[in-house]
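See below for final.txt, which holds compact mmCIF, C-alpha atoms and all ligand atoms.
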# COMPACT_ATOMS: atom_id res chain seq x y z
CA MET A 1 0.00 0.00 0.00
CA ALA A 2 1.28 3.48 -0.86
CA PRO A 3 2.11 5.64 2.16
CA ALA A 4 -0.50 8.27 3.03
CA VAL A 5 2.07 11.01 2.42
CA LEU A 6 5.44 10.79 0.77
CA ILE A 7 7.70 13.82 0.55
CA GLU A 8 11.17 13.50 -0.95
CA GLN A 9 13.89 16.13 -1.11
CA LEU A 10 11.44 19.02 -1.05
CA GLN A 11 12.89 22.46 -1.72
CA LYS A 12 11.21 25.85 -1.72
CA ARG A 13 12.73 29.31 -1.59
CA TYR A 14 11.19 32.76 -1.36
CA GLY A 15 13.72 35.07 -2.98
CA ALA A 16 16.84 34.82 -0.88
CA ILE A 17 15.13 32.80 1.87
CA GLU A 18 15.43 29.03 1.67
CA ALA A 19 12.20 28.20 3.51
CA VAL A 20 12.55 24.46 2.82
CA LYS A 21 16.04 23.17 2.02
CA ASP A 22 15.69 19.41 2.19
CA VAL A 23 12.58 17.81 3.64
CA SER A 24 11.86 14.12 3.17
CA LEU A 25 9.26 12.28 5.20
CA GLN A 26 6.85 9.42 4.93
CA VAL A 27 3.53 9.24 6.78
CA GLU A 28 1.96 5.78 7.01
CA SER A 29 -1.75 5.29 6.65
CA GLY A 30 -3.66 5.53 9.94
CA GLU A 31 -0.98 7.21 12.06
CA ILE A 32 -0.72 10.62 13.69
CA PHE A 33 2.50 12.17 12.43
CA GLY A 34 3.94 15.27 14.06
CA LEU A 35 6.11 17.81 12.29
CA LEU A 36 7.92 19.59 15.07
CA GLY A 37 10.13 22.64 14.89
CA PRO A 38 10.52 26.25 15.97
CA ASN A 39 8.70 29.12 14.25
CA GLY A 40 10.20 29.73 10.83
CA ALA A 41 11.63 26.20 10.48
CA GLY A 42 9.67 25.56 7.28
CA LYS A 43 6.69 23.57 8.59
CA THR A 44 3.93 25.69 7.06
CA THR A 45 5.75 25.92 3.73
CA THR A 46 6.06 22.12 3.66
CA LEU A 47 2.33 21.74 4.35
CA ARG A 48 1.38 24.36 1.78
CA CYS A 49 3.41 22.48 -0.87
CA LEU A 50 1.77 19.22 0.19
CA CYS A 51 -1.70 20.76 -0.06
CA THR A 52 -0.89 22.17 -3.52
CA LEU A 53 -1.27 25.76 -2.29
CA THR A 54 2.38 26.57 -3.00
CA GLU A 55 4.48 25.19 -5.83
CA PRO A 56 7.75 23.66 -4.68
CA ASP A 57 11.01 24.40 -6.53
CA SER A 58 11.89 20.73 -6.58
CA GLY A 59 11.14 17.42 -4.90
CA ARG A 60 8.52 14.73 -4.99
CA ILE A 61 5.17 14.82 -3.16
CA GLU A 62 2.61 12.03 -3.19
CA VAL A 63 -0.68 11.65 -1.36
CA SER A 64 -2.00 8.07 -1.21
CA GLY A 65 0.21 7.32 -4.21
CA VAL A 66 -1.01 10.33 -6.26
CA SER A 67 1.56 12.96 -7.28
CA ALA A 68 0.50 16.31 -5.83
CA ILE A 69 2.67 18.06 -8.42
CA GLU A 70 1.42 16.25 -11.54
CA HIS A 71 -2.18 15.66 -10.41
CA PRO A 72 -2.97 18.38 -7.85
CA ARG A 73 -6.76 18.09 -8.20
CA LEU A 74 -6.75 14.36 -7.64
CA ALA A 75 -4.33 14.66 -4.72
CA ARG A 76 -6.53 17.32 -3.12
CA GLN A 77 -9.45 14.90 -3.01
CA HIS A 78 -7.50 12.81 -0.51
CA LEU A 79 -6.57 15.79 1.65
CA GLY A 80 -8.27 17.95 4.25
CA TYR A 81 -6.33 21.04 5.31
CA VAL A 82 -6.89 23.10 8.45
CA ALA A 83 -4.70 26.18 8.21
CA GLN A 84 -3.21 28.04 11.17
CA GLU A 85 -5.48 31.01 10.81
CA VAL A 86 -8.80 30.70 9.07
CA ALA A 87 -10.60 33.85 8.05
CA LEU A 88 -14.17 32.95 8.99
CA ASP A 89 -16.93 35.10 7.61
CA LYS A 90 -18.33 36.28 10.93
CA VAL A 91 -21.90 36.89 9.78
CA LEU A 92 -22.43 33.38 8.46
CA THR A 93 -23.52 30.63 10.82
CA GLY A 94 -21.42 27.50 11.28
CA ARG A 95 -23.86 25.53 9.13
CA GLU A 96 -23.79 28.14 6.34
CA LEU A 97 -20.00 28.16 6.32
CA LEU A 98 -19.95 24.39 5.99
CA GLU A 99 -22.48 24.59 3.14
CA LEU A 100 -20.18 27.03 1.38
CA GLN A 101 -17.23 24.73 1.94
CA ALA A 102 -19.20 21.74 0.63
CA ALA A 103 -19.93 23.67 -2.56
CA LEU A 104 -16.23 24.48 -2.94
CA TYR A 105 -15.40 20.78 -2.62
CA HIS A 106 -18.11 19.96 -5.21
CA LEU A 107 -19.79 17.48 -2.88
CA PRO A 108 -22.83 15.82 -4.47
CA ARG A 109 -25.88 17.97 -3.65
CA GLN A 110 -28.00 15.28 -2.03
CA THR A 111 -25.20 14.32 0.40
CA ILE A 112 -24.41 17.85 1.62
CA LYS A 113 -27.14 18.38 4.23
CA PRO A 114 -26.88 14.97 5.92
CA ARG A 115 -23.06 15.13 5.88
CA ILE A 116 -23.13 18.54 7.56
CA VAL A 117 -25.53 17.28 10.23
CA GLU A 118 -23.21 14.31 10.79
CA ILE A 119 -20.04 16.38 11.07
CA LEU A 120 -21.67 18.98 13.35
CA THR A 121 -22.66 16.20 15.74
CA LEU A 122 -19.23 14.58 15.51
CA LEU A 123 -17.63 17.82 16.68
CA GLY A 124 -20.27 18.64 19.29
CA LEU A 125 -21.39 21.74 17.40
CA ASP A 126 -25.14 21.00 17.14
CA GLU A 127 -26.30 23.74 19.47
CA TRP A 128 -23.98 26.28 17.80
CA ALA A 129 -24.71 25.35 14.20
CA ASP A 130 -27.22 28.13 13.57
CA LYS A 131 -25.45 30.87 15.51
CA LYS A 132 -23.22 33.38 13.74
CA SER A 133 -19.61 32.17 13.74
CA GLY A 134 -18.53 35.65 14.88
CA THR A 135 -19.91 34.76 18.33
CA TYR A 136 -17.82 31.57 18.66
CA SER A 137 -15.01 31.16 21.17
CA GLY A 138 -11.51 30.18 19.96
CA GLY A 139 -12.19 26.52 20.76
CA LEU A 140 -15.51 26.52 18.86
CA LYS A 141 -13.88 28.22 15.85
CA LYS A 142 -11.20 25.56 15.78
CA ARG A 143 -13.87 22.85 15.90
CA LEU A 144 -15.60 24.51 12.94
CA ASP A 145 -12.25 24.59 11.07
CA LEU A 146 -11.88 20.89 11.77
CA ALA A 147 -15.41 20.24 10.53
CA ALA A 148 -14.64 22.12 7.31
CA GLY A 149 -11.43 20.13 6.78
CA LEU A 150 -13.24 16.83 7.31
CA LEU A 151 -16.39 17.55 5.32
CA HIS A 152 -15.33 15.61 2.23
CA GLN A 153 -14.06 12.67 4.33
CA PRO A 154 -10.39 12.94 3.36
CA ASP A 155 -7.97 10.03 3.96
CA VAL A 156 -5.39 12.46 5.27
CA LEU A 157 -6.15 15.41 7.54
CA ILE A 158 -3.45 18.05 7.70
CA LEU A 159 -3.46 20.55 10.53
CA ASP A 160 -1.11 23.49 10.94
CA GLU A 161 -0.67 24.26 14.66
CA PRO A 162 -4.16 23.01 15.56
CA THR A 163 -4.10 24.12 19.18
CA VAL A 164 -2.26 27.43 19.05
CA GLY A 165 -4.02 30.04 21.17
CA LEU A 166 -6.50 27.55 22.67
CA ASP A 167 -7.11 27.11 26.40
CA ILE A 168 -6.12 23.77 27.89
CA GLU A 169 -9.67 22.38 27.86
CA SER A 170 -10.08 23.07 24.13
CA ARG A 171 -6.60 21.69 23.44
CA VAL A 172 -7.45 18.43 25.17
CA ALA A 173 -10.74 18.28 23.22
CA VAL A 174 -8.83 18.68 19.94
CA TRP A 175 -6.29 15.98 20.95
CA ASN A 176 -9.06 13.55 21.86
CA PHE A 177 -10.81 14.24 18.61
CA LEU A 178 -7.65 13.58 16.59
CA ARG A 179 -7.11 10.29 18.44
CA GLU A 180 -10.71 9.35 17.66
CA LEU A 181 -10.12 10.12 13.98
CA ARG A 182 -7.03 7.93 13.99
CA SER A 183 -8.98 5.06 15.51
CA GLN A 184 -11.39 5.35 12.59
CA GLY A 185 -8.49 5.06 10.12
CA THR A 186 -7.88 8.69 9.15
CA THR A 187 -4.22 9.67 8.80
CA VAL A 188 -3.37 12.87 10.65
CA LEU A 189 -0.40 15.12 9.97
CA ILE A 190 0.05 18.00 12.40
CA THR A 191 2.66 20.69 12.82
CA SER A 192 3.39 22.06 16.24
CA HIS A 193 6.02 23.83 18.21
CA TYR A 194 4.59 22.43 21.45
CA LEU A 195 6.92 19.61 22.42
CA GLU A 196 4.60 17.98 24.94
CA GLU A 197 1.73 18.05 22.48
CA VAL A 198 3.64 16.19 19.79
CA ASP A 199 5.13 13.83 22.35
CA ALA A 200 1.71 12.89 23.71
CA LEU A 201 -0.14 12.73 20.42
CA ALA A 202 2.10 11.59 17.59
CA ASP A 203 2.97 8.01 16.71
CA ARG A 204 5.97 9.31 14.78
CA VAL A 205 7.70 12.65 14.59
CA ALA A 206 10.01 14.53 12.25
CA ILE A 207 11.93 17.43 13.73
CA ILE A 208 12.61 20.20 11.27
CA ASP A 209 15.14 22.97 11.73
CA ARG A 210 16.03 25.70 9.22
CA GLY A 211 14.28 23.84 6.40
CA ILE A 212 15.95 20.47 7.04
CA VAL A 213 14.68 17.32 8.77
CA ILE A 214 17.22 16.74 11.52
CA ALA A 215 15.63 13.73 13.23
CA ALA A 216 12.74 11.35 12.60
CA GLY A 217 11.23 8.36 14.38
CA THR A 218 8.86 7.52 17.21
CA PRO A 219 9.19 9.87 20.19
CA SER A 220 10.68 6.95 22.17
CA GLU A 221 13.26 6.11 19.51
CA LEU A 222 14.35 9.73 19.29
CA LYS A 223 14.71 10.04 23.06
CA ASP A 224 16.62 6.75 23.26
CA GLN A 225 19.11 8.10 20.72
CA VAL A 226 19.93 11.01 23.04
CA GLY A 227 21.18 8.59 25.66
CA GLY A 228 20.33 8.00 29.28
CA ASP A 229 17.67 9.25 31.65
CA ARG A 230 18.09 12.46 33.62
CA VAL A 231 18.26 12.19 37.42
CA THR A 232 18.09 15.21 39.71
CA LEU A 233 19.40 14.58 43.20
CA ARG A 234 19.44 16.73 46.31
CA ILE A 235 21.47 15.31 49.17
CA ARG A 236 20.16 18.04 51.47
CA GLU A 237 18.14 21.16 50.76
CA PHE A 238 21.45 23.05 50.63
CA SER A 239 24.55 20.84 50.58
CA PRO A 240 28.08 22.08 51.24
CA VAL A 241 30.10 21.81 48.04
CA GLU A 242 32.52 19.30 49.65
CA GLU A 243 29.65 16.94 50.27
CA ALA A 244 28.37 17.32 46.70
CA GLU A 245 31.86 16.56 45.42
CA GLN A 246 32.12 13.50 47.61
CA ALA A 247 28.79 12.26 46.24
CA LYS A 248 29.91 13.02 42.67
CA VAL A 249 33.00 10.79 43.00
CA LEU A 250 30.92 8.07 44.63
CA LEU A 251 28.21 8.13 41.97
CA GLU A 252 30.60 8.34 39.03
CA ALA A 253 31.94 4.95 40.12
CA LEU A 254 28.53 3.30 39.64
CA PRO A 255 28.34 1.45 36.29
CA LEU A 256 24.89 2.83 35.46
CA VAL A 257 25.95 6.46 35.89
CA GLN A 258 27.19 8.14 32.69
CA GLU A 259 27.70 11.73 33.85
CA VAL A 260 27.43 13.80 37.04
CA ILE A 261 27.29 17.61 37.18
CA ILE A 262 27.10 19.70 40.33
CA ASN A 263 24.48 22.43 39.99
CA ARG A 264 25.82 25.21 42.23
CA ALA A 265 22.90 27.50 41.42
CA GLN A 266 20.52 24.95 42.91
CA GLY A 267 22.03 24.42 46.37
CA ASN A 268 24.75 22.07 45.05
CA SER A 269 22.24 19.56 43.81
CA LEU A 270 23.48 16.93 41.37
CA ASN A 271 22.35 16.37 37.77
CA LEU A 272 23.07 12.88 36.52
CA VAL A 273 22.73 11.09 33.19
CA VAL A 274 22.08 7.40 33.89
CA ALA A 275 21.33 4.24 31.91
CA PRO A 276 17.55 4.04 31.49
CA GLN A 277 16.92 1.35 34.14
CA SER A 278 13.98 1.16 36.47
CA GLU A 279 16.17 0.49 39.52
CA ALA A 280 18.48 3.46 38.93
CA LEU A 281 17.09 5.52 41.80
CA ILE A 282 17.32 2.68 44.32
CA THR A 283 20.92 1.92 43.30
CA ILE A 284 21.86 5.60 43.74
CA GLN A 285 20.11 5.91 47.09
CA ASN A 286 21.74 2.70 48.38
CA ALA A 287 25.19 3.96 47.37
CA LEU A 288 24.58 7.27 49.19
CA GLN A 289 23.26 5.49 52.28
CA GLN A 290 26.32 3.23 52.46
CA ALA A 291 28.52 6.33 52.44
CA GLY A 292 26.43 7.84 55.26
CA LEU A 293 24.82 10.50 53.03
CA PRO A 294 21.10 11.33 53.20
CA THR A 295 18.72 11.90 50.25
CA PHE A 296 16.55 15.02 50.45
CA GLY A 297 14.99 14.58 47.02
CA ILE A 298 15.56 12.47 43.91
CA ALA A 299 13.72 12.27 40.58
CA GLN A 300 14.29 10.44 37.32
CA ALA A 301 13.00 11.58 33.93
CA ARG A 302 13.39 10.35 30.37
CA PRO A 303 14.99 12.82 27.97
CA SER A 304 12.39 15.07 26.36
CA LEU A 305 12.00 15.93 22.70
CA ASP A 306 13.66 19.21 23.62
CA ASP A 307 16.76 17.21 24.59
CA VAL A 308 16.57 15.58 21.15
CA TYR A 309 16.41 19.00 19.49
CA LEU A 310 19.20 20.34 21.69
CA ASN A 311 21.36 17.33 20.88
CA ALA A 312 20.87 17.76 17.12
CA THR A 313 21.17 21.54 16.88
CA GLY A 314 23.09 22.67 19.96
CA ARG A 315 20.25 24.98 21.06
CA THR A 316 16.87 24.56 22.70
CA LEU A 317 13.65 24.98 20.77
CA LEU A 318 12.86 28.10 22.77
CA ASP A 319 16.22 29.71 21.90
CA ALA A 320 15.59 28.91 18.22
CA GLU A 321 12.15 30.55 18.39
CA ILE A 322 13.55 33.69 19.96
CA ALA A 323 16.28 33.88 17.30
CA ALA A 324 13.72 33.40 14.49
CA ALA A 325 11.20 35.90 15.86
CA GLY A 326 13.35 38.93 15.10
CA SER A 327 14.14 38.04 11.50
CA ARG A 328 10.72 37.67 9.83
CA ASP A 329 8.47 40.02 7.91
CA LEU A 330 5.17 38.35 8.83
CA LYS A 331 3.03 40.96 7.07
CA ALA A 332 4.75 40.39 3.73
CA GLU A 333 4.52 36.60 4.13
CA LYS A 334 0.82 36.75 4.89
CA LYS A 335 0.17 38.90 1.88
CA GLN A 336 2.02 36.51 -0.40
CA ASN A 337 0.39 33.43 1.11
CA MET A 338 -3.09 34.88 0.53
CA ARG A 339 -2.43 35.05 -3.21
N1 LIG B 401 5.34 33.94 1.64
C1 LIG B 401 6.56 34.08 2.11
N2 LIG B 401 7.40 35.03 1.66
C2 LIG B 401 8.65 35.15 2.11
N3 LIG B 401 9.19 34.36 3.08
C3 LIG B 401 8.41 33.41 3.58
C4 LIG B 401 7.04 33.21 3.15
N4 LIG B 401 6.51 32.18 3.85
C5 LIG B 401 7.49 31.76 4.67
N5 LIG B 401 8.62 32.49 4.53
C6 LIG B 401 9.90 32.29 5.25
O1 LIG B 401 10.25 30.94 5.12
C7 LIG B 401 10.75 30.42 6.34
C8 LIG B 401 9.89 29.25 6.78
O2 LIG B 401 8.58 29.73 7.15
P1 LIG B 401 7.38 28.76 7.54
O3 LIG B 401 6.16 29.60 7.72
O4 LIG B 401 7.31 27.64 6.59
O5 LIG B 401 7.89 28.22 8.96
P2 LIG B 401 7.08 27.50 10.10
O6 LIG B 401 7.99 26.47 10.64
O7 LIG B 401 5.78 27.02 9.60
O8 LIG B 401 6.83 28.61 11.16
P3 LIG B 401 5.42 29.24 11.59
O9 LIG B 401 4.72 28.17 12.36
O10 LIG B 401 5.79 30.41 12.40
O11 LIG B 401 4.71 29.62 10.31
C9 LIG B 401 10.76 31.57 7.32
O12 LIG B 401 12.05 32.12 7.31
C10 LIG B 401 9.78 32.55 6.75
O13 LIG B 401 10.18 33.85 7.09

Can you turn what I pasted into structure tokens?
Amino acid sequence: MAPAVLIEQLQKRYGAIEAVKDVSLQVESGEIFGLLGPNGAGKTTTLRCLCTLTEPDSGRIEVSGVSAIEHPRLARQHLGYVAQEVALDKVLTGRELLELQAALYHLPRQTIKPRIVEILTLLGLDEWADKKSGTYSGGLKKRLDLAAGLLHQPDVLILDEPTVGLDIESRVAVWNFLRELRSQGTTVLITSHYLEEVDALADRVAIIDRGIVIAAGTPSELKDQVGGDRVTLRIREFSPVEEAEQAKVLLEALPLVQEVIINRAQGNSLNLVVAPQSEALITIQNALQQAGLPTFGIAQARPSLDDVYLNATGRTLLDAEIAAAGSRDLKAEKKQNMR
């Protein structure tokens, strides 16, 4: 079976800016795939090329085996796209907007009304359907966007930052809905710069940085590649440095410990990288106890996707966002993207 989405060596530049330098990824049918990266990494441009809204300079794009470059109309039939910002006509009701959308998709006339009723119920929008969309909250608007993207029952739903600006309740509602879609066999491709969101939601992830895919795999695989778990240890609330150094030497001798750093800014607590074993904490505590040292607090955590990003690029996702924020002309981009 052809993958739901296949992108190979995609390139797209805007004048001097190489928005997408080299993006290749494959999304299997029925999975939630997360495209993760800081603002300006090239996620939206990749999606716009995939959805045939922007023409790539080079590369191959296929949707369910159909070339999006050679047969854009056919490819579009397989796709539903929910953009980052949707300009809703505020005076139309939710139902009217969906009717308009159905006409744009050329849905057969007799199926339009029942399909709209079905999708409104699916997204819990029944009681809002005949109210003007201008009165909707952010969460309701997003649900209406989702309804519009799903109206023609696409195999692949593509969402650009689906939860940006939503409160936590609406975010969780969107996540649950996407999981529900997956269980019904729809393939979901989302972009996000929320690490936890992608971690919790996506079966597989590609991390994109400056237009290039720098890592891809399941969230677990990616974290395993970074190495061991992180352990934070406090011997006392505030330890004298000599004691922290004594503990450092002691712990470095344990086979499961890969690295120990004394964090002077945090009361001489210790940051350890350890082999990902379930008994790591007990082994560490036993070693301390045998040396007559107490344990005030100890916690073990797996590396996060941010550690994966940091490992690949040498900077955190947040630092990358801050660096990108100053260098964009968002007004000009918006204008061009509306064309
Ligand atoms: N229409 C455009 N004209 C000029 N430059 C653009 C345009 N669209 C995007 N860019 C530039 O291309 C690069 C990638 O932008 P893109 O929007 O694809 O990133 P992104 O990862 O989706 O970030 P965001 O989520 O903030 O949109 C950025 O440097 C951006 O400034």

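When all atoms listed in the file are used to measure the gap to Leu120 (chain A), the shortest distance among A:Leu47, A:Gln290, A:Thr283, A:Leu140 belongs to A:Leu140.
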
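Atom pair CA of Ala102 (chain A) / CA of Leu201 (chain A): separated by 28.9 Å.
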
Do a neighbour search on region 292-296 of chain A at 8 Å with only C-alpha atoms, toss out local chain neighbours closer than 4 positions, and write the hits as a ChimeraX atom specification. /A:233-237,285,288

For Leu250 (chain A), which residue among A:Leu35, A:Ile284, A:Val82, A:Leu50 is the nearest when counting only C-alpha atoms? A:Ile284

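Picture a line from CA of Ile261 (chain A) to CA of Ala244 (chain A); it runs 9.6 Å.
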
As JSON, please: the centre and edge lengths in Å, to one decimal, of an axis-aligned box enclosing every listed atom of ligand LIG 401 (chain B) with 4 Å added on each side.
{"center_x": 8.4, "center_y": 30.8, "center_z": 7.0, "size_x": 15.3, "size_y": 16.7, "size_z": 18.8}

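For Val198 (chain A), the list of residues within 9 Å, based on only C-alpha atoms and with local chain neighbours fewer than 6 positions off taken out, reads A:Phe33, A:Gly34, A:Leu35, A:Leu36, A:Ile190, A:Thr191, A:Ser192, A:Arg204, A:Val205, A:Pro219, A:Leu305.
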
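Atom pair CA of Pro108 (chain A) / CA of Ala83 (chain A) has a distance of 24.4 Å (rounded to one decimal).
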
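Counting all atoms listed in the file, the residue from A:Gly138, A:Pro255, A:Pro162, A:Gly314 that sits nearest to ligand LIG 401 (chain B) is A:Pro162.
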
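When the distance limit is 8 Å and only C-alpha atoms are what count, the residues near Asp22 (chain A), minus those fewer than 6 positions from it on the same chain, are Gln9, Leu10, Gln11, Gly211, Ile212 and Val213 of chain A.
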
Shell around Ala312 (chain A) at 10 Å using only C-alpha atoms, local window under 6 positions removed, as a ChimeraX atom specification: /A:207,209,214-215,226,306

I need the chosen residues saved as a PDB file, keeping the file's coordinate frame, with C-alpha atoms.
ATOM      1  CA  ILE A 207      11.930  17.430  13.730  1.00  0.00           C
ATOM      2  CA  ASP A 209      15.140  22.970  11.730  1.00  0.00           C
ATOM      3  CA  ILE A 214      17.220  16.740  11.520  1.00  0.00           C
ATOM      4  CA  ALA A 215      15.630  13.730  13.230  1.00  0.00           C
ATOM      5  CA  VAL A 226      19.930  11.010  23.040  1.00  0.00           C
ATOM      6  CA  ASP A 306      13.660  19.210  23.620  1.00  0.00           C
TER       7      ASP A 306
END

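Minimum distance to ligand LIG 401 (chain B) across A:Arg115, A:His193, A:Arg182, A:Arg109 (counting only C-alpha atoms and all ligand atoms) occurs at A:His193.
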
Just the residues within 9 Å of Ala280 (chain A), please, counting only C-alpha atoms, with nothing from its chain fewer than 4 positions along; format it as a VMD selection string. chain A and resid 231 256 to 257 274 to 276 284 to 285 300
